[in-house]
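The file start.txt contains compact mmCIF, C-alpha atoms:
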# COMPACT_ATOMS: atom_id res chain seq x y z
CA MET A 1 13.17 34.11 -14.31
CA HIS A 2 11.55 34.29 -10.94
CA ARG A 3 8.74 32.28 -9.33
CA VAL A 4 6.11 34.24 -7.42
CA VAL A 5 3.42 32.76 -5.20
CA SER A 6 -0.07 33.97 -6.01
CA GLU A 7 -2.64 31.69 -4.29
CA THR A 8 -5.47 33.69 -5.82
CA ARG A 9 -8.90 32.14 -6.29
CA VAL A 10 -9.59 32.08 -10.02
CA LEU A 11 -13.17 33.28 -9.58
CA GLU A 12 -12.29 35.95 -7.01
CA ALA A 13 -13.51 38.70 -9.36
CA ASN A 14 -16.91 36.98 -9.62
CA GLU A 15 -17.01 36.51 -5.83
CA ARG A 16 -16.44 40.25 -5.35
CA LEU A 17 -19.26 41.16 -7.71
CA ALA A 18 -21.53 38.52 -6.13
CA ALA A 19 -20.84 40.08 -2.72
CA ARG A 20 -21.85 43.46 -4.12
CA ASN A 21 -25.11 41.99 -5.49
CA ARG A 22 -25.74 40.28 -2.13
CA GLN A 23 -25.27 43.62 -0.36
CA LEU A 24 -27.79 45.27 -2.69
CA PHE A 25 -30.27 42.43 -2.16
CA GLY A 26 -29.82 42.68 1.60
CA ASP A 27 -30.29 46.46 1.58
CA SER A 28 -33.42 46.05 -0.54
CA GLY A 29 -34.83 43.38 1.77
CA VAL A 30 -35.41 40.99 -1.11
CA PHE A 31 -34.95 37.21 -0.89
CA VAL A 32 -33.15 35.85 -3.94
CA VAL A 33 -33.37 32.40 -5.51
CA ASN A 34 -30.93 31.14 -8.15
CA LEU A 35 -33.02 28.61 -10.10
CA MET A 36 -31.01 26.03 -12.00
CA SER A 37 -31.66 22.90 -14.05
CA ALA A 38 -31.00 21.12 -17.31
CA PRO A 39 -32.83 22.51 -20.35
CA GLY A 40 -36.42 21.32 -20.34
CA ALA A 41 -36.64 20.26 -16.68
CA GLY A 42 -39.44 22.75 -16.17
CA LYS A 43 -37.95 25.88 -14.56
CA THR A 44 -40.20 28.36 -16.35
CA THR A 45 -43.36 26.31 -15.83
CA LEU A 46 -42.46 25.94 -12.16
CA LEU A 47 -42.06 29.70 -11.98
CA GLU A 48 -45.45 30.25 -13.59
CA ARG A 49 -47.17 27.91 -11.13
CA THR A 50 -45.27 29.49 -8.21
CA ILE A 51 -46.13 33.05 -9.22
CA GLU A 52 -49.82 32.16 -9.64
CA ARG A 53 -49.87 30.85 -6.08
CA LEU A 54 -47.84 33.61 -4.42
CA ARG A 55 -48.44 36.83 -6.33
CA ASP A 56 -51.22 37.99 -4.00
CA GLU A 57 -48.99 37.54 -0.96
CA LEU A 58 -45.52 38.48 -2.16
CA ARG A 59 -44.14 41.06 -4.54
CA ILE A 60 -42.22 38.86 -6.97
CA GLY A 61 -39.74 39.79 -9.69
CA VAL A 62 -37.89 37.57 -12.14
CA ILE A 63 -34.61 37.81 -14.00
CA GLU A 64 -34.53 35.41 -16.94
CA GLY A 65 -31.24 34.12 -18.30
CA ASP A 66 -31.24 32.57 -21.75
CA LEU A 67 -28.83 32.15 -24.62
CA MET A 68 -31.37 33.65 -26.99
CA THR A 69 -34.99 34.75 -27.33
CA THR A 70 -37.32 36.39 -24.82
CA ILE A 71 -39.80 33.50 -24.85
CA ASP A 72 -39.42 32.78 -21.13
CA ALA A 73 -39.53 36.46 -20.14
CA ASP A 74 -42.71 36.88 -22.20
CA ARG A 75 -44.34 33.94 -20.41
CA ILE A 76 -43.48 35.39 -17.00
CA GLY A 77 -44.43 38.93 -18.04
CA ALA A 78 -47.87 37.63 -19.07
CA LEU A 79 -48.51 36.87 -15.38
CA GLY A 80 -48.16 40.54 -14.54
CA VAL A 81 -44.93 40.41 -12.54
CA PRO A 82 -41.86 42.53 -13.36
CA VAL A 83 -39.35 40.61 -15.43
CA PHE A 84 -35.95 41.40 -16.91
CA GLN A 85 -34.30 39.34 -19.63
CA ILE A 86 -30.56 38.70 -19.77
CA THR A 87 -29.65 37.30 -23.17
CA THR A 88 -26.21 35.77 -22.80
CA GLY A 89 -25.52 35.19 -26.49
CA SER A 90 -23.31 32.13 -26.42
CA VAL A 91 -22.44 32.17 -22.72
CA CYS A 92 -23.66 29.00 -21.00
CA HIS A 93 -24.29 30.46 -17.54
CA LEU A 94 -25.09 33.67 -15.70
CA ASP A 95 -22.36 35.32 -13.68
CA ALA A 96 -22.39 38.00 -11.00
CA GLN A 97 -21.42 40.73 -13.47
CA MET A 98 -24.34 40.03 -15.81
CA VAL A 99 -26.73 40.08 -12.85
CA GLY A 100 -25.10 43.24 -11.47
CA ARG A 101 -25.63 45.01 -14.79
CA ALA A 102 -29.24 43.84 -14.91
CA LEU A 103 -29.77 45.26 -11.42
CA GLU A 104 -28.74 48.73 -12.65
CA GLN A 105 -31.85 48.73 -14.83
CA PHE A 106 -34.02 46.39 -12.78
CA HIS A 107 -33.71 47.55 -9.20
CA PRO A 108 -35.04 44.98 -6.71
CA GLY A 109 -36.27 47.62 -4.23
CA GLY A 110 -39.91 46.94 -3.37
CA LEU A 111 -39.71 43.22 -4.11
CA ASP A 112 -40.06 40.45 -1.51
CA LEU A 113 -38.77 37.69 -3.77
CA LEU A 114 -36.51 37.79 -6.80
CA VAL A 115 -36.04 34.60 -8.79
CA ILE A 116 -33.09 34.46 -11.16
CA GLU A 117 -33.74 31.74 -13.72
CA ASN A 118 -30.32 30.57 -14.83
CA VAL A 119 -29.41 29.22 -18.26
CA GLY A 120 -30.54 25.60 -18.62
CA ASN A 121 -27.32 23.66 -18.03
CA LEU A 122 -26.23 21.18 -15.35
CA VAL A 123 -22.55 22.15 -15.35
CA CYS A 124 -21.48 25.77 -15.77
CA PRO A 125 -24.01 27.72 -13.65
CA ALA A 126 -22.85 25.77 -10.57
CA GLU A 127 -19.50 27.57 -10.69
CA PHE A 128 -20.82 31.13 -10.46
CA ASP A 129 -22.20 32.72 -7.31
CA LEU A 130 -24.69 35.42 -8.29
CA GLY A 131 -25.24 36.78 -4.78
CA GLU A 132 -28.35 34.66 -4.21
CA ASP A 133 -29.70 33.51 -0.84
CA VAL A 134 -30.45 29.96 -1.99
CA ARG A 135 -29.85 27.72 -4.94
CA VAL A 136 -32.89 25.77 -6.03
CA MET A 137 -32.57 23.02 -8.56
CA VAL A 138 -35.26 21.46 -10.72
CA TRP A 139 -34.69 17.86 -11.74
CA SER A 140 -37.30 16.00 -13.75
CA THR A 141 -38.04 12.30 -13.48
CA LEU A 142 -37.34 11.61 -17.15
CA GLU A 143 -33.77 12.93 -17.18
CA GLY A 144 -32.36 9.65 -15.87
CA ALA A 145 -31.76 8.45 -12.33
CA ASP A 146 -27.99 8.79 -12.62
CA LYS A 147 -27.91 12.58 -13.09
CA PRO A 148 -26.83 13.42 -9.52
CA ARG A 149 -23.81 11.15 -9.96
CA LYS A 150 -22.97 12.60 -13.36
CA TYR A 151 -23.41 16.23 -12.32
CA PRO A 152 -22.55 16.07 -8.62
CA VAL A 153 -21.29 19.65 -8.29
CA MET A 154 -24.62 21.29 -9.09
CA PHE A 155 -26.62 18.78 -7.05
CA HIS A 156 -24.21 19.23 -4.15
CA GLU A 157 -24.74 23.00 -4.09
CA ALA A 158 -28.54 23.03 -4.10
CA ALA A 159 -30.45 23.80 -0.90
CA VAL A 160 -33.53 22.18 -2.37
CA VAL A 161 -34.02 19.80 -5.28
CA LEU A 162 -37.47 19.92 -6.83
CA LEU A 163 -38.20 16.59 -8.45
CA ASN A 164 -40.55 17.67 -11.23
CA LYS A 165 -42.86 15.67 -13.53
CA ILE A 166 -43.67 12.99 -10.95
CA ASP A 167 -46.89 12.39 -12.95
CA LEU A 168 -44.55 10.75 -15.48
CA LEU A 169 -42.84 8.46 -12.94
CA PRO A 170 -44.68 5.38 -14.24
CA TYR A 171 -42.94 5.94 -17.61
CA ALA A 172 -39.52 6.72 -16.15
CA GLY A 173 -38.83 3.15 -15.08
CA VAL A 174 -37.46 4.32 -11.76
CA SER A 175 -38.84 4.66 -8.24
CA LEU A 176 -39.06 7.82 -6.19
CA ASP A 177 -36.95 6.11 -3.52
CA GLU A 178 -34.12 5.51 -5.97
CA LEU A 179 -34.17 9.12 -7.18
CA ARG A 180 -34.23 10.32 -3.59
CA ALA A 181 -31.28 8.09 -2.62
CA ASN A 182 -29.25 9.36 -5.58
CA VAL A 183 -29.72 12.98 -4.52
CA ARG A 184 -28.96 12.14 -0.90
CA ALA A 185 -25.66 10.49 -1.89
CA VAL A 186 -24.26 13.75 -3.26
CA ASN A 187 -26.18 16.15 -1.02
CA PRO A 188 -27.39 14.61 2.26
CA ALA A 189 -28.64 18.00 3.50
CA ALA A 190 -30.79 18.84 0.48
CA GLU A 191 -34.51 19.19 0.84
CA LEU A 192 -36.10 16.99 -1.85
CA LEU A 193 -39.61 17.95 -2.86
CA PRO A 194 -41.40 15.77 -5.45
CA LEU A 195 -43.97 17.67 -7.51
CA SER A 196 -45.74 17.94 -10.81
CA CYS A 197 -46.30 21.33 -12.39
CA ARG A 198 -48.89 19.71 -14.65
CA THR A 199 -51.12 18.09 -12.02
CA GLY A 200 -50.24 20.48 -9.21
CA GLU A 201 -49.24 17.65 -6.88
CA GLY A 202 -46.59 18.75 -4.39
CA LEU A 203 -46.72 22.42 -5.39
CA GLU A 204 -48.24 23.50 -2.08
CA GLU A 205 -45.30 22.00 -0.17
CA TRP A 206 -42.82 23.84 -2.41
CA VAL A 207 -44.68 27.13 -2.16
CA ALA A 208 -44.84 26.77 1.65
CA TRP A 209 -41.10 26.08 1.77
CA LEU A 210 -40.34 29.11 -0.37
CA LYS A 211 -42.64 31.39 1.60
CA ALA A 212 -41.02 30.27 4.85
CA GLN A 213 -37.60 31.11 3.41
CA VAL A 214 -38.72 34.58 2.32
CA ILE A 215 -40.19 35.28 5.74
CA ARG A 216 -37.09 34.00 7.52
CA GLY A 217 -34.91 36.03 5.15
CA ARG A 218 -36.79 39.21 5.97
CA GLY A 219 -36.81 38.34 9.64
CA ASP A 220 -39.94 40.38 10.31
CA GLY A 221 -42.78 37.88 10.00
CA LEU A 222 -44.86 38.49 6.92
CA GLU A 223 -48.54 38.98 7.67
CA ALA A 224 -50.28 35.65 7.65
CA ALA A 225 -52.26 35.21 4.46
CA MET B 1 -17.87 25.91 -22.03
CA HIS B 2 -17.39 28.01 -18.92
CA GLU B 3 -13.72 27.03 -19.22
CA THR B 4 -13.41 30.12 -21.45
CA ALA B 5 -14.47 32.35 -18.56
CA ILE B 6 -12.15 30.46 -16.20
CA ALA B 7 -9.21 30.79 -18.62
CA ARG B 8 -9.85 34.53 -18.99
CA ASN B 9 -9.81 34.92 -15.20
CA ILE B 10 -6.56 32.95 -14.88
CA ILE B 11 -4.89 35.19 -17.46
CA SER B 12 -6.18 38.39 -15.81
CA ILE B 13 -4.85 37.29 -12.42
CA ALA B 14 -1.47 36.43 -13.96
CA GLU B 15 -1.25 39.68 -15.95
CA GLU B 16 -2.18 41.79 -12.95
CA GLU B 17 0.52 40.08 -10.86
CA ALA B 18 3.10 40.48 -13.65
CA ARG B 19 2.32 44.18 -14.13
CA ARG B 20 2.34 44.86 -10.41
CA ARG B 21 5.85 43.41 -10.23
CA GLY B 22 7.02 45.08 -13.43
CA ALA B 23 7.68 41.78 -15.23
CA ALA B 24 7.94 41.78 -19.02
CA ARG B 25 6.29 38.46 -19.60
CA ILE B 26 4.85 35.36 -18.00
CA ILE B 27 6.76 32.10 -18.51
CA SER B 28 4.32 29.74 -16.83
CA ILE B 29 1.21 29.65 -14.66
CA ARG B 30 0.45 26.91 -12.13
CA VAL B 31 -3.18 26.26 -11.27
CA ARG B 32 -4.59 23.96 -8.59
CA LEU B 33 -7.84 22.46 -9.86
CA GLY B 34 -10.00 20.47 -7.48
CA GLU B 35 -11.47 17.30 -8.93
CA PHE B 36 -14.82 18.30 -7.49
CA ARG B 37 -15.26 21.35 -9.72
CA GLY B 38 -17.11 21.25 -12.99
CA VAL B 39 -13.93 22.12 -14.88
CA VAL B 40 -12.34 19.75 -17.39
CA PRO B 41 -8.53 20.15 -17.56
CA GLU B 42 -8.35 19.47 -21.33
CA ALA B 43 -11.11 21.99 -22.04
CA LEU B 44 -9.41 24.53 -19.78
CA THR B 45 -6.07 24.05 -21.58
CA PHE B 46 -7.76 24.45 -24.95
CA ALA B 47 -9.59 27.62 -23.86
CA TYR B 48 -6.41 29.00 -22.30
CA GLU B 49 -4.38 28.51 -25.48
CA VAL B 50 -6.93 30.59 -27.38
CA MET B 51 -7.42 33.26 -24.74
CA ARG B 52 -3.72 33.89 -24.00
CA ILE B 53 -3.05 35.29 -27.49
CA GLY B 54 -2.17 38.97 -27.31
CA THR B 55 -1.65 38.93 -23.53
CA LEU B 56 1.47 38.88 -21.34
CA ALA B 57 0.82 35.14 -21.04
CA GLU B 58 1.06 34.57 -24.78
CA GLY B 59 4.10 32.32 -24.41
CA ALA B 60 3.23 30.93 -20.99
CA ASN B 61 2.57 27.27 -20.21
CA LEU B 62 -0.46 26.45 -18.12
CA GLU B 63 0.35 23.72 -15.62
CA ILE B 64 -2.76 22.22 -14.08
CA GLY B 65 -2.27 20.27 -10.88
CA VAL B 66 -5.35 18.22 -10.11
CA ASP B 67 -6.30 18.18 -6.43
CA PRO B 68 -8.11 14.92 -5.57
CA LEU B 69 -11.53 14.83 -3.94
CA ARG B 70 -11.21 13.82 -0.29
CA VAL B 71 -13.99 13.24 2.19
CA ALA B 72 -14.00 12.78 5.96
CA CYS B 73 -16.25 10.97 8.40
CA ASN B 74 -16.18 12.14 12.02
CA LEU B 75 -15.96 8.52 13.19
CA CYS B 76 -14.26 6.61 10.37
CA GLY B 77 -11.62 9.07 9.16
CA GLU B 78 -10.62 10.42 5.76
CA ARG B 79 -10.56 8.85 2.34
CA GLU B 80 -10.18 9.72 -1.31
CA MET B 81 -13.18 9.37 -3.61
CA ALA B 82 -13.68 9.54 -7.38
CA PRO B 83 -16.12 12.40 -8.13
CA GLY B 84 -18.30 10.04 -10.19
CA GLU B 85 -18.49 7.70 -7.20
CA LEU B 86 -19.39 10.43 -4.74
CA ASN B 87 -21.50 9.11 -1.89
CA LEU B 88 -21.60 11.33 1.16
CA ILE B 89 -23.26 8.65 3.27
CA CYS B 90 -20.43 6.81 5.05
CA SER B 91 -20.28 3.18 3.92
CA GLU B 92 -18.88 2.18 7.33
CA CYS B 93 -21.19 3.87 9.81
CA GLY B 94 -23.98 5.52 7.80
CA GLY B 95 -22.94 8.98 9.00
CA ILE B 96 -22.61 12.02 6.77
CA LEU B 97 -19.26 12.69 5.13
CA ARG B 98 -17.78 16.14 4.63
CA ILE B 99 -15.80 17.18 1.56
CA ILE B 100 -12.41 18.32 2.85
CA SER B 101 -10.54 18.90 -0.40
CA GLY B 102 -10.99 18.84 -4.15
CA GLN B 103 -12.98 22.08 -4.44
CA ASP B 104 -10.13 24.53 -5.07
CA LEU B 105 -9.68 26.52 -8.22
CA VAL B 106 -6.63 28.64 -7.50
CA VAL B 107 -3.72 30.27 -9.30
CA GLU B 108 -0.87 28.91 -7.14
CA SER B 109 2.19 30.59 -8.60
CA LEU B 110 3.71 32.20 -11.67
CA ASP B 111 7.11 32.19 -13.30
CA LEU B 112 7.86 35.72 -14.50
CA ALA B 113 10.65 37.17 -16.62
CA TRP B 114 12.07 40.70 -16.52
CA LEU B 115 14.02 42.52 -19.25
CA HIS B 116 17.65 43.20 -18.37
Turn the structure described in the file into structure tokens.
Amino acid sequence: MHRVVSETRVLEANERLAARNRQLFGDSGVFVVNLMSAPGAGKTTLLERTIERLRDELRIGVIEGDLMTTIDADRIGALGVPVFQITTGSVCHLDAQMVGRALEQFHPGGLDLLVIENVGNLVCPAEFDLGEDVRVMVWSTLEGADKPRKYPVMFHEAAVVLLNKIDLLPYAGVSLDELRANVRAVNPAAELLPLSCRTGEGLEEWVAWLKAQVIRGRGDGLEAA
Amino acid sequence: MHETAIARNIISIAEEEARRRGAARIISIRVRLGEFRGVVPEALTFAYEVMRIGTLAEGANLEIGVDPLRVACNLCGEREMAPGELNLICSECGGILRIISGQDLVVESLDLAWLH
């Protein structure tokens, strides 16, 4: 018997494929968002509201990740933007290989913004780099104020946390300040944007943030709308 | 249950190393798992025991060494922190803490056996 030192990162294979995706995104000049949340936090509705506000200014595409069904892809497709569905079967997250395969059929050339809607899950998607530029997380007011402490890895990795369903705050029994403090504890650098996809409150701030990221990512100054 | 994917990756890394060195089988695999990863050691062990069947690691033990979460403040120094108690605002000075360890997920070493 002989002991050999390996010191190999377990997800190195995923990191390699994510780097390949990132290269393709960079070459295509597309800004890529990895959108993550628990099931039911409002990712798809957020996407609908975002697309409605930005589709005249940006060429947007969407990759939908779900365990089953094409319900979400159908909703996004109804808005007239290109959409590709990844059905993972029983896999609880997207990984760089699944996205890489999708990109063979769904080339991002010609897009300004590609949103990859991950499988609804607060644990597993956090582990897998897809090659995105930013991770955006949706957290809704009714999920419980303690979620950042219970799922710190995903909250820690997000560049922005969208606090959705603030119209329901009066029923959540929790203040915006408390929710904000709980995010800040695990991710002091995160941008926290409160909004409601139902009433539209806060959506303009989110859309402005996203547009600024896309413009910065392209580095060429999109024509002012 | 992304532990299945993690277990599959651990086995692939071990098998590749064993083949590259011409070993006949893998006796054990040591993994360093940071506490600040969304990976549960028990779930990883369970997934590993299923996934190793039919591989060079079929008889190999998986030894998981848990690497504690440690944070550092520029002014107040380093400390250990339970992941469920994570607060990156320094309780001493109000500054922002950095995570300095507890995020690894690494195959450290393998014990291999050769036929003689």
>> What are the residues of chain A lining chain B at 10 Å or less? Count only C-alpha atoms, and put the answer as an NGL selection string.
In response: :A and (1-14 or 90-93 or 95 or 122-128 or 148-154 or 156 or 181-189)
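A straight line drawn from atom CA of A:Leu163 to atom CA of A:Ile116 is 18.8 Å long.
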>> Please determine, counting all atoms listed in the file, which residue among B:Glu35, B:Glu58, B:Glu49, B:Glu92 has the shortest atom-to-atom distance to B:Asn74.
In response: B:Glu92
> Which of these residues is nearest to A:Lys165, using all atoms listed in the file: A:Gly202, A:Gly110, A:Gly100, A:Gly131?
Replying inline: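 Under the stated criterion, the closest residue is A:Gly202.
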> Once you count all atoms listed in the file, which residues end up no further than 9 Å from (-46.9, 32.2, -16.5) in the file's frame, shown as a ChimeraX atom specification?
Replying inline: /A:44-52,72,74-80
If you keep C-alpha atoms, can you produce a file of those selected residues as a PDB file, keeping the file's coordinate frame?
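Just written: out_33.pdb:
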ATOM      1  CA  THR A  44     -40.200  28.360 -16.350  1.00  0.00           C
ATOM      2  CA  THR A  45     -43.360  26.310 -15.830  1.00  0.00           C
ATOM      3  CA  LEU A  46     -42.460  25.940 -12.160  1.00  0.00           C
ATOM      4  CA  LEU A  47     -42.060  29.700 -11.980  1.00  0.00           C
ATOM      5  CA  GLU A  48     -45.450  30.250 -13.590  1.00  0.00           C
ATOM      6  CA  ARG A  49     -47.170  27.910 -11.130  1.00  0.00           C
ATOM      7  CA  THR A  50     -45.270  29.490  -8.210  1.00  0.00           C
ATOM      8  CA  ILE A  51     -46.130  33.050  -9.220  1.00  0.00           C
ATOM      9  CA  GLU A  52     -49.820  32.160  -9.640  1.00  0.00           C
ATOM     10  CA  ASP A  72     -39.420  32.780 -21.130  1.00  0.00           C
ATOM     11  CA  ASP A  74     -42.710  36.880 -22.200  1.00  0.00           C
ATOM     12  CA  ARG A  75     -44.340  33.940 -20.410  1.00  0.00           C
ATOM     13  CA  ILE A  76     -43.480  35.390 -17.000  1.00  0.00           C
ATOM     14  CA  GLY A  77     -44.430  38.930 -18.040  1.00  0.00           C
ATOM     15  CA  ALA A  78     -47.870  37.630 -19.070  1.00  0.00           C
ATOM     16  CA  LEU A  79     -48.510  36.870 -15.380  1.00  0.00           C
ATOM     17  CA  GLY A  80     -48.160  40.540 -14.540  1.00  0.00           C
TER      18      GLY A  80
END
> Could you list as a count of residues only every residue that has an atom within 9 Å of (-38.5, 46.4, -3.0), using the file's coordinates and counting all atoms listed in the file?
Replying inline: 11
> With distances taken over all atoms listed in the file, which of A:Ile215, A:Ala41, A:Leu130, A:Ala73 is nearest to A:Ala18?
Replying inline: A:Leu130
> Quick one: of B:Tyr48, B:Pro41, B:Leu56, B:Ile99, who's nearest to B:Glu16, counting all atoms listed in the file?
Replying inline: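 Smallest distance to B:Glu16 is found for B:Leu56.
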